[in-house]
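To start, the structure itself, in structure tokens.
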Amino acid sequence: MPCWSAADITLTKKVAHFEGDSEFKGQIIHSHDYRDPRGYEEKRVVVVGIGNSGGDVAVELGKVAKQVYLSTRRGSWIIHRVWDNGLPLDANFSRFRFYYLANILPLSWQNTQYEKQVEAKFDHELYGLKPAHRFFEAHPTLNDDLPNRIISGAVIVKPDIERLTTTGVIFNDGSEVKDIDTIITATGYVFGFPFIDHPALKVKENEVNLYQYVFHPDIEPSGSLAVIGCFQPVGNIGAIAELQARWAIQIIKGNCSLPSKEEMSKEIEMRREHLSKIYYKSSRHTIQLFPVPYQIKISELMGCKPNLLKLWITDPKLAYHVLFDMYTPFQNRLVGPGAWPGAREAIITSMDRVRCPYKTRKPAQNHSETRLWAKIILFGIILLVLAFLWR
Ligand SMILES: NC(=O)c1ccc[n+]([C@@H]2O[C@H](COP(=O)([O-])OP(=O)(O)OC[C@H]3O[C@@H](n4cnc5c(N)ncnc54)[C@H](OP(=O)(O)O)[C@@H]3O)[C@@H](O)[C@H]2O)c1
């Protein structure tokens with residue numbers, strides 16, 4: 001069976017062209033070709049684009065270069081990696097409870113809450129970064145250092161580029177910066193599968209028709225080709241790609257089956273419609289996914305999704321950790337194909353591992369086990385009261 005690695009999914013630089021770029025005497029490179037800040041000391045640099053690459057490059061160069069300008073045509077909400085209680089953002093967002101609340105609460109309300117939260121760190125309008133789009137309408141830009149670099153003057157935020165001159169840049173607000181050595185276009189990528197000669201896998205504007213981001217409905221026999229890792233998550237890629245691979249193996253082995261071609265195409269269309277309702281239109285947003293709901297869906301399709309209600313009755317401690325801690329791949333190892341006896345322990349201790357690197361100084365007292373049982377009992381009482389009221 002042929003197998004191509006994820007590296008074969010070709011990412012091509014999305015090159016931006018500017019009026020006057022042929023007369024510009026400095027260097028223009030894509031962020032893909034940027035390696036490290038060495039050689040940029042004493043340089044004046046314009047970074048274009050405020051995705052994660054643009055933010056990272058601007059911040060890194062802001063520490064060594066003579067001056068960095070960050071050009072953004074749209075602005076962005078800047079999200080901190082160090083999130084609530086100092087935990088990594090993933091540990092907060094990748095939770096069942098986040099997923100359930102996200103499903104229940106109106107998106108506009110959620111947008112307002114998250115906008116307030118990031119605005120509390122710094123006023124995006126004051127920093128010249130406030131976008132017209134709402135919080136969840138774009139792939140997030142994570143950057144803890146950007147406001148520090150801006151407030152120290154190392155990075156200066158500018159609007160879209162109008163045109164280049166021989167040695168500088170004129171922006172669309174009429175302002176001009178001179179003596180620019182390098183322009184780094186952090187303008188993203190286009191992807192494709194040039195090594196597979198099949199009309200179904202021709203990609204245009206980053207649009208690809210894959211059922212659950214894995215199987216193409218038009219490839220015969222159904223399920224004979226699986227694409228792993230062709231998605232852009234708001235979170236961790238590895239765990240999701242692993243689950244996709246496990247699912248693909250179950251399909252290939254014949255242990256579970258795919259729906260009909262029509263149903264697969266319908267799912268693709270519905271997802272496209274859903275994405276177009278959430279995100280602003282851009283080739284950046286064609287393969288977006290939220291990790292928790294997607295993993296729940298795939299685990300359901302391959303038969304390894306734990307039954308939460310049953311878990312609450314048989315093992316409340318485990319159920320509590322499943323529901324309130326980070327969503328980890330171990331949750332899909334409790335039951336079904338690939339079940340692993342160590343999964344329970346791994347789930348219960350997952351937040352310990354998240355907290356482990358912080359524990360460089362022993363706290364005076366530790367009440368965490370008592371607190372945990374108090375929470376489990378309280379939650380159980382709430383469930384009982386709700387069940388009683390429901391009758
Ligand atoms: N630290 C990290 O975790 C990290 C670091 C780097 C990259 N990544 C990931 O790698 C992927 C690619 O990120 P990326 O930042 O390279 O690309 P990206 O997310 O596609 O962002 C591209 C940026 O360039 C702008 N842009 C595109 N064409 C432009 C043009 N012609 N003129 C002006 N601006 C233009 C876009 O603005 P519009 O929105 O207006 O189009 C956007 O701000 C993402 O999934 C990202 O999360 C992660």
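As shown in the structure tokens, the chain order sets the letters A, B, ...; within each chain, residues go from 1, and ligands are also counted from 1 in the order they appear.
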
Per-residue nearest contacts of chain A to ligand 1 (10 Å; only C-alpha atoms and all ligand atoms) as CSV:
residue,atom,partner,partner_atom_place_in_ligand_line,distance
A:Leu11,CA,ligand 1,12 (C),9.8
A:Lys13,CA,ligand 1,16 (O),8.6
A:Lys14,CA,ligand 1,28 (N),7.0
A:Val15,CA,ligand 1,31 (N),7.2
A:Ala16,CA,ligand 1,31 (N),4.3
A:His17,CA,ligand 1,31 (N),6.5
A:Phe18,CA,ligand 1,31 (N),7.9
A:His30,CA,ligand 1,16 (O),9.1
A:Ser31,CA,ligand 1,16 (O),7.0
A:His32,CA,ligand 1,16 (O),7.6
A:Val47,CA,ligand 1,34 (N),9.5
A:Val48,CA,ligand 1,34 (N),5.7
A:Gly49,CA,ligand 1,24 (O),3.5
A:Ile50,CA,ligand 1,43 (O),3.9
A:Gly51,CA,ligand 1,15 (O),3.4
A:Asn52,CA,ligand 1,15 (O),4.0
A:Ser53,CA,ligand 1,15 (O),3.7
A:Gly54,CA,ligand 1,15 (O),5.5
A:Gly55,CA,ligand 1,15 (O),7.5
A:Asp56,CA,ligand 1,5 (C),6.4
A:Val57,CA,ligand 1,6 (C),8.6
A:Ser71,CA,ligand 1,33 (C),7.5
A:Thr72,CA,ligand 1,34 (N),6.1
A:Arg73,CA,ligand 1,40 (O),5.7
A:Arg74,CA,ligand 1,40 (O),5.2
A:Gly75,CA,ligand 1,43 (O),7.5
A:Ser76,CA,ligand 1,43 (O),7.7
A:Arg81,CA,ligand 1,3 (O),9.5
A:Pro131,CA,ligand 1,40 (O),9.8
A:Ala138,CA,ligand 1,39 (O),7.5
A:His139,CA,ligand 1,19 (O),6.7
A:Pro140,CA,ligand 1,47 (O),7.0
A:Thr141,CA,ligand 1,47 (O),6.9
A:Leu142,CA,ligand 1,1 (N),6.9
A:Asn143,CA,ligand 1,1 (N),7.8
A:Pro159,CA,ligand 1,33 (C),9.1
A:Asp160,CA,ligand 1,33 (C),6.2
A:Ile161,CA,ligand 1,33 (C),7.2
A:Glu162,CA,ligand 1,32 (N),9.8
A:Thr185,CA,ligand 1,24 (O),7.4
A:Ala186,CA,ligand 1,24 (O),5.4
A:Thr187,CA,ligand 1,24 (O),3.3
A:Gly188,CA,ligand 1,17 (O),3.2
A:Tyr189,CA,ligand 1,20 (O),6.1
A:Val190,CA,ligand 1,20 (O),8.7
A:Phe231,CA,ligand 1,45 (O),8.7
A:Gln232,CA,ligand 1,45 (O),5.5
A:Pro233,CA,ligand 1,45 (O),7.4
A:Val234,CA,ligand 1,47 (O),7.8
A:Gly235,CA,ligand 1,3 (O),8.7
A:Asn236,CA,ligand 1,3 (O),9.3
A:Ile237,CA,ligand 1,45 (O),9.8
A:Tyr280,CA,ligand 1,39 (O),8.3
A:Lys281,CA,ligand 1,41 (O),8.6
A:Ser282,CA,ligand 1,41 (O),6.0
A:Ser283,CA,ligand 1,20 (O),7.6
A:Arg284,CA,ligand 1,20 (O),4.8
A:His285,CA,ligand 1,20 (O),8.2
A:Ile287,CA,ligand 1,45 (O),9.6
A:Gln288,CA,ligand 1,45 (O),8.8

Generate a file of the selected residues that holds C-alpha atoms, formatted as a short mmCIF file (atom, residue, chain, number, x, y, z; two decimals), in the first residue's frame.
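Here's the written file again-v8.cif:
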data_model
loop_
_atom_site.label_atom_id
_atom_site.label_comp_id
_atom_site.auth_asym_id
_atom_site.auth_seq_id
_atom_site.Cartn_x
_atom_site.Cartn_y
_atom_site.Cartn_z
CA LEU A 11 2.99 23.78 1.17
CA LYS A 13 4.60 30.04 -0.13
CA LYS A 14 1.75 32.45 -0.80
CA VAL A 15 3.73 35.25 -2.36
CA ALA A 16 2.42 38.80 -2.10
CA HIS A 17 3.14 41.24 -4.92
CA PHE A 18 3.30 44.97 -4.38
CA HIS A 30 8.82 34.94 2.54
CA SER A 31 8.62 34.06 6.24
CA HIS A 32 9.22 30.42 5.21
CA VAL A 47 7.02 42.32 8.18
CA VAL A 48 3.78 41.85 6.21
CA GLY A 49 0.87 39.89 7.68
CA ILE A 50 -0.33 39.26 11.21
CA GLY A 51 -0.82 35.51 11.26
CA ASN A 52 1.27 33.51 13.71
CA SER A 53 4.33 33.70 11.41
CA GLY A 54 4.13 37.50 11.09
CA GLY A 55 3.71 37.94 14.85
CA ASP A 56 6.58 35.57 15.69
CA VAL A 57 9.00 37.07 13.15
CA SER A 71 2.09 45.83 8.26
CA THR A 72 -1.43 44.48 8.63
CA ARG A 73 -4.35 45.21 6.35
CA ARG A 74 -6.92 43.83 8.75
CA GLY A 75 -5.51 43.76 12.28
CA SER A 76 -6.05 40.87 14.64
CA ARG A 81 -0.49 31.54 25.22
CA PRO A 131 -9.70 44.21 13.56
CA ALA A 138 -10.33 34.40 12.14
CA HIS A 139 -7.68 31.79 12.81
CA PRO A 140 -6.21 33.03 16.11
CA THR A 141 -2.88 34.84 16.37
CA LEU A 142 -1.12 33.78 19.56
CA ASN A 143 1.58 36.05 20.83
CA PRO A 159 -1.52 49.49 7.67
CA ASP A 160 -1.51 47.74 4.28
CA ILE A 161 1.25 48.51 1.79
CA GLU A 162 0.26 50.89 -1.02
CA THR A 185 6.08 38.58 3.65
CA ALA A 186 4.43 36.38 6.28
CA THR A 187 1.47 35.95 3.97
CA GLY A 188 0.75 32.27 4.48
CA TYR A 189 0.66 29.21 2.26
CA VAL A 190 -1.20 27.30 -0.40
CA PHE A 231 -6.58 20.58 8.62
CA GLN A 232 -5.85 23.73 10.58
CA PRO A 233 -6.88 23.29 14.20
CA VAL A 234 -7.35 25.92 16.85
CA GLY A 235 -5.02 23.80 18.98
CA ASN A 236 -2.87 20.70 18.74
CA ILE A 237 -2.32 18.92 15.39
CA TYR A 280 -14.20 35.86 7.20
CA LYS A 281 -13.71 34.70 3.63
CA SER A 282 -10.09 33.81 3.00
CA SER A 283 -7.98 30.91 1.74
CA ARG A 284 -6.65 30.88 5.34
CA HIS A 285 -9.93 29.45 6.60
CA ILE A 287 -9.60 23.67 6.59
CA GLN A 288 -10.34 25.08 10.05
#

Exercise for the section: Fewer than 3 positions away in the same chain doesn't count, so skip those; otherwise give me all residues within 6 Å of Ala241 of chain A, counting only C-alpha atoms, as a ChimeraX atom specification. Expected result: /A:228-229,238,244

Exercise for the section: Extract, using only C-alpha atoms, all DNA, RNA and protein residues at most 9 Å from segment 164-180 of chain A, discarding same-chain residues fewer than 3 positions from it, and format them as a list of chain:residue names. Expected result: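 Those residues are A:Phe18, A:Glu19, A:Gly20, A:Asp21, A:Ser22, A:Glu23, A:Phe24, A:Lys25, A:Gly26, A:Gln27, A:Lys43, A:Arg44, A:Val45, A:Val46, A:Tyr69, A:Ser71, A:Lys158, A:Pro159, A:Asp160, A:Ile161, A:Ile183.
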
Write out the residues from the selection above, keeping C-alpha atoms, as a compact mmCIF listing (two decimals), in the first residue's frame.
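Contents of result-v5.txt, freshly written:
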# COMPACT_ATOMS: atom_id res chain seq x y z
CA PHE A 18 3.30 44.97 -4.38
CA GLU A 19 3.26 47.85 -6.78
CA GLY A 20 6.86 48.92 -7.28
CA ASP A 21 8.42 45.66 -6.09
CA SER A 22 10.64 45.48 -9.20
CA GLU A 23 12.25 48.83 -8.37
CA PHE A 24 12.73 48.05 -4.64
CA LYS A 25 16.50 47.65 -4.06
CA GLY A 26 16.25 45.77 -0.77
CA GLN A 27 15.52 42.12 -0.17
CA LYS A 43 18.57 46.28 9.71
CA ARG A 44 15.27 48.06 9.13
CA VAL A 45 12.61 45.47 8.36
CA VAL A 46 8.97 45.48 7.28
CA TYR A 69 7.42 47.66 11.05
CA SER A 71 2.09 45.83 8.26
CA LYS A 158 1.43 50.01 10.05
CA PRO A 159 -1.52 49.49 7.67
CA ASP A 160 -1.51 47.74 4.28
CA ILE A 161 1.25 48.51 1.79
CA ILE A 183 10.55 43.01 3.56

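When only C-alpha atoms are used to compute distances to His198 of chain A, the closest of the residues A:Glu220, A:Val214, A:Asp84, A:Asp181 turns out to be A:Glu220.
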
Problem - Computed interatomic separation between atom CA of Ile249 of chain A and atom CA of Val335 of chain A (Å) - result: 16.5 Å

Exercise for the section: Could you check how far atom CA of Leu101 of chain A sits from atom CA of Trp340 of chain A, in Å to one decimal? Expected result: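 A separation of 29.2 Å between them.
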
Compile a residue-level contact table for segment 56-175 of chain A against segment 313-330 of chain A at a cut-off of 9 Å, reporting for every qualifying residue the shortest atom pair and its distance in Å to one decimal, with only C-alpha atoms counted, rows ordered by chain and ascending number, as a tab-separated table.
residue	atom	partner	partner_atom	distance
A:Asp90	CA	A:Met326	CA	7.9
A:Ala91	CA	A:Met326	CA	5.4
A:Asn92	CA	A:Met326	CA	7.0
A:Phe93	CA	A:Met326	CA	7.9
A:Ser94	CA	A:Met326	CA	5.3
A:Arg95	CA	A:Met326	CA	4.7
A:Phe96	CA	A:Leu323	CA	5.4
A:Arg97	CA	A:Phe324	CA	6.1
A:Phe98	CA	A:Phe324	CA	8.9

For N, CA and C atoms, I'd like the residues from the last selection saved as a PDB file, in the first residue's frame.
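Listing of result_4.pdb after writing:
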ATOM      1  N   ASP A  90      -4.009  25.924  25.397  1.00  0.00           N
ATOM      2  CA  ASP A  90      -4.574  24.623  25.021  1.00  0.00           C
ATOM      3  C   ASP A  90      -5.276  23.931  26.190  1.00  0.00           C
ATOM      4  N   ALA A  91      -4.649  24.055  27.371  1.00  0.00           N
ATOM      5  CA  ALA A  91      -5.189  23.363  28.544  1.00  0.00           C
ATOM      6  C   ALA A  91      -6.559  23.932  28.914  1.00  0.00           C
ATOM      7  N   ASN A  92      -6.819  25.174  28.519  1.00  0.00           N
ATOM      8  CA  ASN A  92      -8.118  25.785  28.794  1.00  0.00           C
ATOM      9  C   ASN A  92      -9.130  25.520  27.685  1.00  0.00           C
ATOM     10  N   PHE A  93      -8.674  25.698  26.435  1.00  0.00           N
ATOM     11  CA  PHE A  93      -9.607  25.581  25.309  1.00  0.00           C
ATOM     12  C   PHE A  93      -9.969  24.127  25.011  1.00  0.00           C
ATOM     13  N   SER A  94      -8.994  23.216  25.231  1.00  0.00           N
ATOM     14  CA  SER A  94      -9.250  21.815  24.872  1.00  0.00           C
ATOM     15  C   SER A  94      -9.977  21.099  25.992  1.00  0.00           C
ATOM     16  N   ARG A  95     -11.140  21.576  26.323  1.00  0.00           N
ATOM     17  CA  ARG A  95     -11.891  20.928  27.391  1.00  0.00           C
ATOM     18  C   ARG A  95     -13.293  20.605  26.909  1.00  0.00           C
ATOM     19  N   PHE A  96     -13.810  19.527  27.421  1.00  0.00           N
ATOM     20  CA  PHE A  96     -15.185  19.151  27.121  1.00  0.00           C
ATOM     21  C   PHE A  96     -16.128  20.297  27.476  1.00  0.00           C
ATOM     22  N   ARG A  97     -15.888  20.862  28.672  1.00  0.00           N
ATOM     23  CA  ARG A  97     -16.842  21.865  29.147  1.00  0.00           C
ATOM     24  C   ARG A  97     -16.820  23.077  28.226  1.00  0.00           C
ATOM     25  N   PHE A  98     -15.635  23.396  27.655  1.00  0.00           N
ATOM     26  CA  PHE A  98     -15.537  24.508  26.715  1.00  0.00           C
ATOM     27  C   PHE A  98     -16.372  24.187  25.486  1.00  0.00           C
TER      28      PHE A  98
END

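Among the candidates A:Leu389, A:Pro217, A:Trp83, A:Ala154, the residue lying nearest to Gln117 of chain A is A:Trp83 (atoms considered: only C-alpha atoms).
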
Handout entry: Who sits within 12 Å of Asn209 of chain A, only C-alpha atoms, same chain under 4 positions skipped, as a list in words
Key =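 The neighbour list is Gly192, Pro199, Ala200, Leu201, Lys202, Val203, Lys204, Tyr213, Val214, Phe215, His216, Pro217, Asp218, Ile219, Val227, Cys230, Phe231, Lys261, Met264, Ser265, Lys266, Glu267, Ile268, Glu269, Met270, Arg271, Arg272, Thr286 and Ile287 of chain A.
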
Take the residues from that selection and put them in a file with N, CA and C atoms, as a compact mmCIF listing (two decimals), in the first residue's frame.
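And here is the file that came out, part-v9.txt:
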# COMPACT_ATOMS: atom_id res chain seq x y z
N GLY A 192 -1.28 21.55 -1.51
CA GLY A 192 -1.74 20.70 -2.60
C GLY A 192 -1.10 19.33 -2.53
N PRO A 199 -7.81 13.72 -10.41
CA PRO A 199 -8.52 15.01 -10.52
C PRO A 199 -9.19 15.42 -9.20
N ALA A 200 -9.57 14.44 -8.37
CA ALA A 200 -10.26 14.77 -7.11
C ALA A 200 -9.33 15.52 -6.15
N LEU A 201 -8.04 15.31 -6.31
CA LEU A 201 -7.11 15.92 -5.36
C LEU A 201 -6.39 17.15 -5.92
N LYS A 202 -7.01 17.76 -6.91
CA LYS A 202 -6.48 19.04 -7.39
C LYS A 202 -7.04 20.11 -6.44
N VAL A 203 -6.16 20.89 -5.87
CA VAL A 203 -6.61 21.87 -4.88
C VAL A 203 -6.57 23.28 -5.48
N LYS A 204 -7.67 24.01 -5.28
CA LYS A 204 -7.75 25.38 -5.79
C LYS A 204 -8.07 26.30 -4.63
N TYR A 213 -12.31 15.69 6.58
CA TYR A 213 -10.92 16.06 6.29
C TYR A 213 -10.03 14.85 6.00
N VAL A 214 -10.61 13.69 5.68
CA VAL A 214 -9.77 12.50 5.47
C VAL A 214 -10.04 11.81 4.13
N PHE A 215 -11.33 11.54 3.81
CA PHE A 215 -11.63 10.70 2.64
C PHE A 215 -12.34 11.50 1.55
N HIS A 216 -11.86 11.31 0.32
CA HIS A 216 -12.52 11.98 -0.81
C HIS A 216 -13.66 11.10 -1.32
N PRO A 217 -14.86 11.66 -1.48
CA PRO A 217 -16.00 10.82 -1.90
C PRO A 217 -15.83 10.21 -3.29
N ASP A 218 -15.02 10.86 -4.16
CA ASP A 218 -14.92 10.38 -5.54
C ASP A 218 -13.80 9.38 -5.76
N ILE A 219 -13.05 9.08 -4.73
CA ILE A 219 -11.95 8.13 -4.92
C ILE A 219 -12.44 6.71 -4.69
N VAL A 227 -6.27 10.92 3.76
CA VAL A 227 -5.36 12.06 3.92
C VAL A 227 -5.31 12.38 5.42
N CYS A 230 -4.49 17.06 7.16
CA CYS A 230 -4.78 18.19 6.27
C CYS A 230 -5.91 19.05 6.86
N PHE A 231 -5.60 19.73 7.94
CA PHE A 231 -6.58 20.58 8.62
C PHE A 231 -5.81 21.62 9.41
N LYS A 261 -21.35 8.03 -0.98
CA LYS A 261 -20.70 9.16 -1.64
C LYS A 261 -21.53 10.45 -1.44
N MET A 264 -21.26 11.74 2.10
CA MET A 264 -19.95 12.37 2.34
C MET A 264 -19.91 13.77 1.72
N SER A 265 -20.43 13.86 0.49
CA SER A 265 -20.43 15.17 -0.19
C SER A 265 -21.29 16.16 0.58
N LYS A 266 -22.39 15.66 1.17
CA LYS A 266 -23.28 16.54 1.93
C LYS A 266 -22.54 17.09 3.17
N GLU A 267 -21.80 16.22 3.84
CA GLU A 267 -21.04 16.66 5.03
C GLU A 267 -20.04 17.74 4.64
N ILE A 268 -19.37 17.53 3.50
CA ILE A 268 -18.36 18.50 3.05
C ILE A 268 -19.02 19.85 2.79
N GLU A 269 -20.16 19.80 2.12
CA GLU A 269 -20.87 21.04 1.78
C GLU A 269 -21.35 21.76 3.05
N MET A 270 -21.90 20.95 3.98
CA MET A 270 -22.41 21.56 5.23
C MET A 270 -21.26 22.20 6.02
N ARG A 271 -20.11 21.52 6.03
CA ARG A 271 -18.97 22.08 6.76
C ARG A 271 -18.49 23.38 6.12
N ARG A 272 -18.48 23.37 4.77
CA ARG A 272 -18.05 24.57 4.05
C ARG A 272 -18.97 25.74 4.39
N THR A 286 -10.05 27.58 5.05
CA THR A 286 -10.78 26.52 4.33
C THR A 286 -10.72 25.18 5.05
N ILE A 287 -9.74 24.99 5.93
CA ILE A 287 -9.60 23.67 6.59
C ILE A 287 -9.55 23.84 8.11

Handout entry: Non-local contacts of segment 252-254 of chain A (10 Å; only C-alpha atoms; under 2 positions in same chain excluded) as a PyMOL selection string
Key = chain A and resi 222-226+246-250+256-258

Take the selection from the previous step and output its residues with C-alpha atoms, as a PDB file, in the first residue's frame.
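Listed below is the output, selection-v2.pdb:
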ATOM      1  CA  SER A 222     -14.289   4.165  -1.164  1.00  0.00           C
ATOM      2  CA  GLY A 223     -11.850   4.557   1.733  1.00  0.00           C
ATOM      3  CA  SER A 224      -8.822   3.406  -0.267  1.00  0.00           C
ATOM      4  CA  LEU A 225      -7.000   6.713   0.192  1.00  0.00           C
ATOM      5  CA  ALA A 226      -6.822   8.577   3.489  1.00  0.00           C
ATOM      6  CA  ARG A 246      -6.523   5.182  13.773  1.00  0.00           C
ATOM      7  CA  TRP A 247      -9.874   5.765  12.077  1.00  0.00           C
ATOM      8  CA  ALA A 248      -8.382   5.284   8.598  1.00  0.00           C
ATOM      9  CA  ILE A 249      -6.882   1.957   9.700  1.00  0.00           C
ATOM     10  CA  GLN A 250     -10.272   0.771  10.967  1.00  0.00           C
ATOM     11  CA  CYS A 256     -16.053   0.306  10.127  1.00  0.00           C
ATOM     12  CA  SER A 257     -17.408   1.764   6.946  1.00  0.00           C
ATOM     13  CA  LEU A 258     -17.833   5.115   5.292  1.00  0.00           C
TER      14      LEU A 258
END

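Across the structure, atom CA of Phe191 of chain A and atom CA of Glu273 of chain A are spaced 20.7 Å apart.
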
Practice task
List every residue of segment 32-67 of chain A that DSSP, applied to the backbone of this structure, places in strand (DSSP E), and write the result as a ChimeraX atom specification.
Solution key: /A:44-48,67
